file run27.cif (mmCIF, C-alpha atoms)
data_query
#
loop_
_atom_site.label_atom_id
_atom_site.label_comp_id
_atom_site.auth_asym_id
_atom_site.auth_seq_id
_atom_site.Cartn_x
_atom_site.Cartn_y
_atom_site.Cartn_z
CA MET U 436 18.80 4.13 -8.29
CA ASN U 437 15.12 4.73 -8.02
CA THR U 438 13.47 3.52 -4.90
CA ASN U 439 10.31 1.53 -5.18
CA LYS U 440 8.33 4.47 -3.88
CA ASN U 441 9.37 6.65 -6.80
CA GLU U 442 8.17 4.06 -9.29
CA LYS U 443 4.65 4.03 -7.92
CA PHE U 444 2.13 5.52 -10.30
CA ASN U 445 0.66 8.88 -9.42
CA ALA U 446 -1.54 11.37 -11.24
CA THR U 447 -1.82 14.96 -10.03
CA THR U 448 -4.39 17.27 -11.57
CA GLU U 449 -3.81 20.99 -11.86
CA ARG U 450 -6.68 23.17 -13.01
CA ARG U 451 -6.19 26.59 -14.45
CA GLU U 452 -8.44 29.00 -16.27
CA GLY U 453 -9.58 27.14 -19.38
CA SER U 454 -7.18 24.24 -19.04
CA CYS U 455 -6.38 21.21 -16.99
CA THR U 456 -3.01 19.51 -16.75
CA VAL U 457 -2.56 16.00 -15.42
CA TYR U 458 0.99 15.22 -14.27
CA LEU U 459 1.84 11.54 -14.40
CA SER U 460 4.70 9.93 -12.52
CA GLY U 461 5.99 6.41 -11.84
CA GLU U 462 4.98 3.40 -13.90
CA LEU U 463 1.75 3.38 -15.89
CA ASP U 464 0.97 -0.28 -16.48
CA LEU U 465 -1.89 -2.75 -16.44
CA SER U 466 -2.12 -2.76 -12.64
CA VAL U 467 -2.84 0.98 -12.36
CA ALA U 468 -4.80 1.38 -15.60
CA PRO U 469 -8.14 1.49 -13.71
CA ASP U 470 -6.81 4.29 -11.45
CA PHE U 471 -5.65 6.30 -14.45
CA ARG U 472 -8.99 5.84 -16.22
CA LEU U 473 -10.79 7.03 -13.10
CA VAL U 474 -8.72 10.22 -12.94
CA MET U 475 -9.21 10.96 -16.62
CA GLU U 476 -12.88 10.09 -17.00
CA PRO U 477 -14.45 13.35 -15.75
CA LEU U 478 -11.83 15.45 -17.61
CA VAL U 479 -12.04 13.81 -21.02
CA GLY U 480 -15.71 14.72 -21.48
CA ASP U 481 -15.21 18.39 -20.65
CA SER U 482 -14.98 20.16 -24.00
CA GLU U 483 -14.65 23.58 -22.33
CA ILE U 484 -11.08 22.91 -21.22
CA ASP U 485 -7.80 22.24 -22.96
CA LEU U 486 -6.71 18.87 -21.64
CA VAL U 487 -2.98 18.40 -21.13
CA ILE U 488 -1.13 15.31 -19.94
CA ASN U 489 2.42 15.91 -18.76
CA LEU U 490 4.72 12.88 -18.88
CA LYS U 491 7.92 14.48 -17.57
CA ASP U 492 8.14 12.18 -14.54
CA LEU U 493 6.63 9.09 -16.11
CA LYS U 494 9.16 6.26 -15.88
CA TYR U 495 7.39 3.55 -17.81
CA ILE U 496 4.32 2.93 -19.94
CA ASP U 497 2.97 -0.32 -21.40
CA SER U 498 0.52 -1.00 -24.21
CA THR U 499 -2.37 -0.66 -21.76
CA GLY U 500 -1.30 2.91 -20.96
CA ILE U 501 -0.76 3.70 -24.63
CA GLY U 502 -4.25 2.29 -25.30
CA ILE U 503 -5.80 4.64 -22.74
CA LEU U 504 -4.03 7.65 -24.27
CA LEU U 505 -5.34 6.53 -27.64
CA SER U 506 -8.92 6.28 -26.38
CA ILE U 507 -8.61 9.80 -24.90
CA LEU U 508 -7.28 11.04 -28.25
CA LYS U 509 -10.25 9.53 -30.04
CA ALA U 510 -12.78 10.91 -27.58
CA ARG U 511 -11.30 14.43 -27.65
CA HIS U 512 -11.01 14.35 -31.42
CA GLY U 513 -14.66 13.33 -31.68
CA MET U 514 -15.66 16.30 -29.47
CA ASN U 515 -13.39 18.69 -31.31
CA ALA U 516 -11.70 19.41 -28.00
CA ARG U 517 -8.02 20.06 -27.40
CA PHE U 518 -5.75 17.35 -26.06
CA VAL U 519 -2.00 17.69 -25.68
CA VAL U 520 0.64 15.28 -24.41
CA GLU U 521 3.71 17.21 -23.33
CA GLU U 522 7.26 16.65 -22.07
CA VAL U 523 7.49 13.05 -23.25
CA PRO U 524 10.70 11.32 -22.02
CA SER U 525 12.81 9.93 -24.85
CA GLN U 526 12.31 6.29 -23.87
CA ILE U 527 8.54 6.73 -23.97
CA GLN U 528 8.65 8.82 -27.14
CA ARG U 529 10.43 5.87 -28.74
CA LEU U 530 7.46 3.61 -27.96
CA PHE U 531 5.07 6.28 -29.28
CA ASP U 532 7.07 6.41 -32.52
CA MET U 533 7.23 2.62 -32.81
CA THR U 534 3.52 2.05 -32.32
CA GLY U 535 2.57 4.97 -34.54
CA ILE U 536 0.60 6.86 -31.89
CA ALA U 537 3.12 9.72 -32.11
CA LYS U 538 1.66 11.12 -35.30
CA PHE U 539 -1.72 11.59 -33.63
CA PHE U 540 -0.17 13.52 -30.77
CA ALA U 541 1.62 15.72 -33.27
CA ALA U 542 -1.64 16.32 -35.09
CA SER U 543 -3.53 17.25 -31.96
CA ARG U 544 -0.77 19.66 -30.97
CA ASN U 545 -1.07 21.50 -34.27
CA SER U 546 -4.84 21.87 -34.28
CA GLN U 547 -5.01 24.76 -31.84
CA MET M 693 23.04 -25.41 -26.95
CA ASN M 694 25.35 -23.46 -24.75
CA ALA M 695 26.39 -25.44 -21.70
CA GLU M 696 27.09 -22.22 -19.83
CA VAL M 697 23.46 -21.16 -19.75
CA GLN M 698 22.22 -20.48 -16.24
CA LYS M 699 18.60 -20.29 -15.29
CA VAL M 700 16.64 -18.14 -12.89
CA VAL M 701 13.00 -19.14 -12.49
CA ILE M 702 10.31 -17.15 -10.73
CA THR M 703 6.69 -18.11 -10.33
CA LEU M 704 4.12 -15.42 -9.67
CA PRO M 705 0.36 -15.08 -9.39
CA ALA M 706 -1.17 -14.21 -12.78
CA ASN M 707 -2.14 -10.83 -11.45
CA ALA M 708 -1.30 -7.35 -12.77
CA ASP M 709 0.12 -6.33 -9.39
CA PHE M 710 3.05 -8.73 -9.85
CA VAL M 711 4.22 -7.70 -13.31
CA ASP M 712 6.47 -5.02 -11.80
CA ILE M 713 8.23 -7.78 -9.83
CA VAL M 714 9.18 -9.38 -13.16
CA ARG M 715 10.55 -6.02 -14.33
CA LEU M 716 12.63 -5.65 -11.17
CA ASN M 717 14.11 -9.13 -11.61
CA LEU M 718 14.78 -8.45 -15.26
CA TYR M 719 16.53 -5.22 -14.38
CA GLY M 720 18.78 -7.00 -11.90
CA ILE M 721 19.72 -9.83 -14.22
CA ALA M 722 20.16 -7.74 -17.38
CA SER M 723 22.24 -5.05 -15.73
CA LYS M 724 24.47 -7.68 -14.15
CA MET M 725 24.99 -9.16 -17.62
CA GLY M 726 26.09 -5.78 -18.94
CA PHE M 727 23.13 -4.78 -21.11
CA SER M 728 22.82 -1.09 -21.92
CA TYR M 729 20.16 1.09 -20.32
CA GLU M 730 18.26 1.23 -23.62
CA ASP M 731 18.29 -2.53 -24.08
CA ILE M 732 17.07 -3.07 -20.54
CA GLU M 733 14.23 -0.61 -21.07
CA ASP M 734 13.29 -2.44 -24.29
CA MET M 735 13.27 -5.80 -22.54
CA LYS M 736 11.22 -4.41 -19.67
CA VAL M 737 8.47 -3.40 -22.07
CA ALA M 738 8.57 -6.66 -24.04
CA VAL M 739 8.52 -8.93 -20.99
CA SER M 740 5.76 -6.93 -19.34
CA GLU M 741 3.63 -7.26 -22.46
CA ALA M 742 4.03 -11.05 -22.39
CA CYS M 743 3.06 -11.10 -18.71
CA ASN M 744 0.10 -8.80 -19.38
CA ASN M 745 -1.15 -11.28 -21.95
CA SER M 746 -1.03 -14.10 -19.43
CA VAL M 747 -2.77 -11.97 -16.81
CA LEU M 748 -5.46 -10.70 -19.17
CA TYR M 749 -6.26 -13.57 -21.46
CA ALA M 750 -4.92 -16.81 -20.16
CA TYR M 751 -6.70 -16.86 -16.84
CA GLY M 752 -9.43 -14.27 -16.97
CA GLN M 753 -10.80 -13.89 -13.46
CA GLU M 754 -9.82 -17.39 -12.43
CA GLY M 755 -6.40 -16.79 -10.93
CA GLY M 756 -3.41 -18.99 -11.67
CA MET M 757 0.33 -18.69 -11.95
CA VAL M 758 2.81 -17.36 -14.47
CA GLU M 759 6.29 -18.83 -14.66
CA VAL M 760 9.10 -16.61 -15.88
CA THR M 761 12.45 -18.21 -16.73
CA PHE M 762 15.53 -16.13 -17.40
CA GLU M 763 18.13 -18.06 -19.37
CA ILE M 764 21.41 -16.31 -18.94
CA GLY M 765 23.82 -17.13 -21.72
CA ARG M 766 27.23 -15.71 -22.44
CA ASP M 767 26.02 -13.53 -25.29
CA GLN M 768 22.28 -13.40 -24.85
CA LEU M 769 19.38 -13.34 -22.45
CA SER M 770 16.29 -15.41 -23.17
CA ILE M 771 13.14 -14.85 -21.19
CA LYS M 772 10.38 -17.42 -21.20
CA VAL M 773 6.91 -16.46 -19.96
CA LYS M 774 4.69 -19.47 -19.48
CA ASP M 775 1.14 -19.91 -18.27
CA ASP M 776 -1.21 -22.87 -18.06
CA GLY M 777 -4.28 -20.94 -19.05
CA GLU M 778 -6.88 -21.85 -21.61
CA SER M 779 -5.82 -21.78 -25.20
CA PHE M 780 -6.56 -18.62 -27.09
CA ASP M 781 -5.94 -17.39 -30.58
CA ARG M 782 -5.09 -13.80 -29.72
CA MET M 783 -1.45 -14.47 -30.64
CA ASP M 784 -2.30 -14.92 -34.28
CA ARG M 785 0.45 -12.90 -35.86
CA THR M 786 -1.34 -11.77 -38.98
CA GLU M 787 -4.14 -10.50 -36.80
CA ASN M 788 -2.14 -8.83 -34.08
CA THR M 789 1.05 -7.48 -35.53
CA VAL M 790 -0.40 -4.09 -36.21
CA THR M 791 0.73 -0.56 -35.80
CA LEU M 792 -1.07 2.70 -36.23
CA HIS M 793 1.31 4.08 -38.83
CA ASP M 794 -0.96 3.71 -41.82
CA LYS M 795 -4.22 4.38 -40.05
CA ASP M 796 -6.43 7.37 -39.45
CA LEU M 797 -7.47 8.09 -35.91
CA HIS M 798 -10.97 7.19 -36.97
CA ASP M 799 -9.96 3.63 -37.91
CA VAL M 800 -7.71 2.98 -34.97
CA GLU M 801 -8.64 0.14 -32.70
CA ILE M 802 -7.27 -0.10 -29.23
CA GLY M 803 -5.38 -3.27 -28.47
CA GLY M 804 -3.04 -5.47 -30.45
CA LEU M 805 -0.05 -3.25 -29.75
CA GLY M 806 1.42 -5.49 -27.08
CA PHE M 807 2.53 -8.25 -29.38
CA TYR M 808 3.86 -5.78 -31.91
CA LEU M 809 6.01 -4.18 -29.21
CA MET M 810 7.45 -7.56 -28.17
CA GLU M 811 8.55 -8.28 -31.73
CA ALA M 812 9.89 -4.79 -32.30
CA LEU M 813 11.89 -4.61 -29.08
CA MET M 814 13.47 -8.08 -28.94
CA ASP M 815 15.81 -9.82 -31.37
CA ASP M 816 13.71 -12.94 -31.44
CA VAL M 817 10.21 -13.86 -30.26
CA ALA M 818 8.61 -17.30 -30.40
CA VAL M 819 5.06 -18.03 -29.31
CA ASP M 820 3.91 -21.53 -28.60
CA ASN M 821 0.32 -22.11 -27.65
CA GLU M 822 -1.33 -25.47 -27.72
CA ALA M 823 -4.93 -26.19 -26.88
CA GLY M 824 -5.26 -27.01 -23.20
CA ARG M 825 -1.58 -26.63 -22.50
CA GLY M 826 -1.24 -22.94 -21.97
CA THR M 827 0.96 -20.47 -23.73
CA GLN M 828 4.67 -19.97 -23.78
CA VAL M 829 6.44 -16.92 -25.13
CA VAL M 830 10.21 -17.06 -25.49
CA MET M 831 12.03 -13.85 -26.32
CA THR M 832 15.71 -13.27 -26.77
CA LYS M 833 17.96 -10.23 -26.68
CA ARG M 834 21.56 -10.49 -27.76
CA LEU M 835 24.24 -8.81 -25.75
CA MET M 836 26.22 -6.25 -27.72
CA ARG M 837 29.50 -5.55 -26.04
CA SER M 838 31.06 -2.21 -26.74
CA GLU M 839 34.49 -3.74 -27.44
CA GLU M 840 32.94 -5.93 -30.16
CA LYS M 841 32.60 -3.10 -32.63
CA VAL M 842 31.72 -4.15 -36.15
#

call {"tool": "encode", "arguments": {"input": "run27.cif", "output": "structure tokens"}}
result
Amino acid sequence: MNTNKNEKFNATTERREGSCTVYLSGELDLSVAPDFRLVMEPLVGDSEIDLVINLKDLKYIDSTGIGILLSILKARHGMNARFVVEEVPSQIQRLFDMTGIAKFFAASRNSQ
Amino acid sequence: MNAEVQKVVITLPANADFVDIVRLNLYGIASKMGFSYEDIEDMKVAVSEACNNSVLYAYGQEGGMVEVTFEIGRDQLSIKVKDDGESFDRMDRTENTVTLHDKDLHDVEIGGLGFYLMEALMDDVAVDNEAGRGTQVVMTKRLMRSEEKV
């Protein structure tokens, strides 16, 4: 069983030469959406880096979280900058497939 | 109706910080009833979306309460999410039941996915909103027992 502490949302940013990976963990929902936006804001506008979001340890996402990912997709697409969502857990991938956002992630992965 | 239905009612502030409490309660009730991991995950998303709607639209900045009722039947779980907020027409199905499948990224608008997810993840969803009387969403998931193979 997960303890409550493990469910708490966290975003850790790892910068490397030419890229930046944000590791998400816990539950990304309406209550932490402002925190997530704050973390992403300075990164999204940087067209010099490849932006990667890693969802390996993300336990839960709601439509608010999916909406933020979508707005990042749109912004990066508009700047012609790379954006990748990687290691999506199956439960979350299912929601991506259902809502139709999955095809945009696939497209952004291919346009290297 | 089924006489064996038992009810669990929780009342919470219409605040985003309390939606995870609804998920925890749902997890407890649904796992006790014998729902599969996948079904519980589906219900978690659907119920959270209903609560999000109450938090976001029904009360705005005003504050208020959301009442969540779990109706535990023999073969199904119904979850009712009720608020007393102002009436709103965001639940208009033709307007909001949208996905991104047939859209280009260019045309995509953010929002409207919550209600779609509720309908896609539950067996039955009913929305009742009357002017001045708040909104009530009732969603039902049927319990599939593994020994009841078709």

call {"tool": "closest_residue", "arguments": {"input": "run27.cif", "among": "M:Ser723, M:Ser728, M:Asn744, M:Gln828", "to": "Gly804 (chain M)", "atoms": "all atoms listed in the file"}}
result
M:Asn744

call {"tool": "interface_residues", "arguments": {"input": "run27.cif", "of": "chain M", "to": "chain U", "cutoff": "8 Å", "atoms": "all atoms listed in the file", "output": "number ranges by chain"}}
result
M: 708-709, 730, 733, 737, 740-741, 744, 791-793, 797-798, 802-803, 805-806, 808-809, 812

call {"tool": "atom_distance", "arguments": {"input": "run27.cif", "atom1": "CA of Phe518 (chain U)", "atom2": "CA of Lys491 (chain U)"}}
result
16.3 Å

call {"tool": "resolve_selection", "arguments": {"input": "run27.cif", "expression": "the PyMOL selection byres ((chain M and resi 831) around 9)", "output": "PyMOL selection string"}}
result
chain M and resi 735+738-739+769-773+810-811+814-819+829-830+832-833

call {"tool": "residues_around", "arguments": {"input": "run27.cif", "residues": "Arg766 (chain M)", "least_positions_apart": "5", "cutoff": "12 Å", "atoms": "all atoms listed in the file", "output": "number ranges by chain"}}
result
M: 693-698, 722, 724-727, 833-837
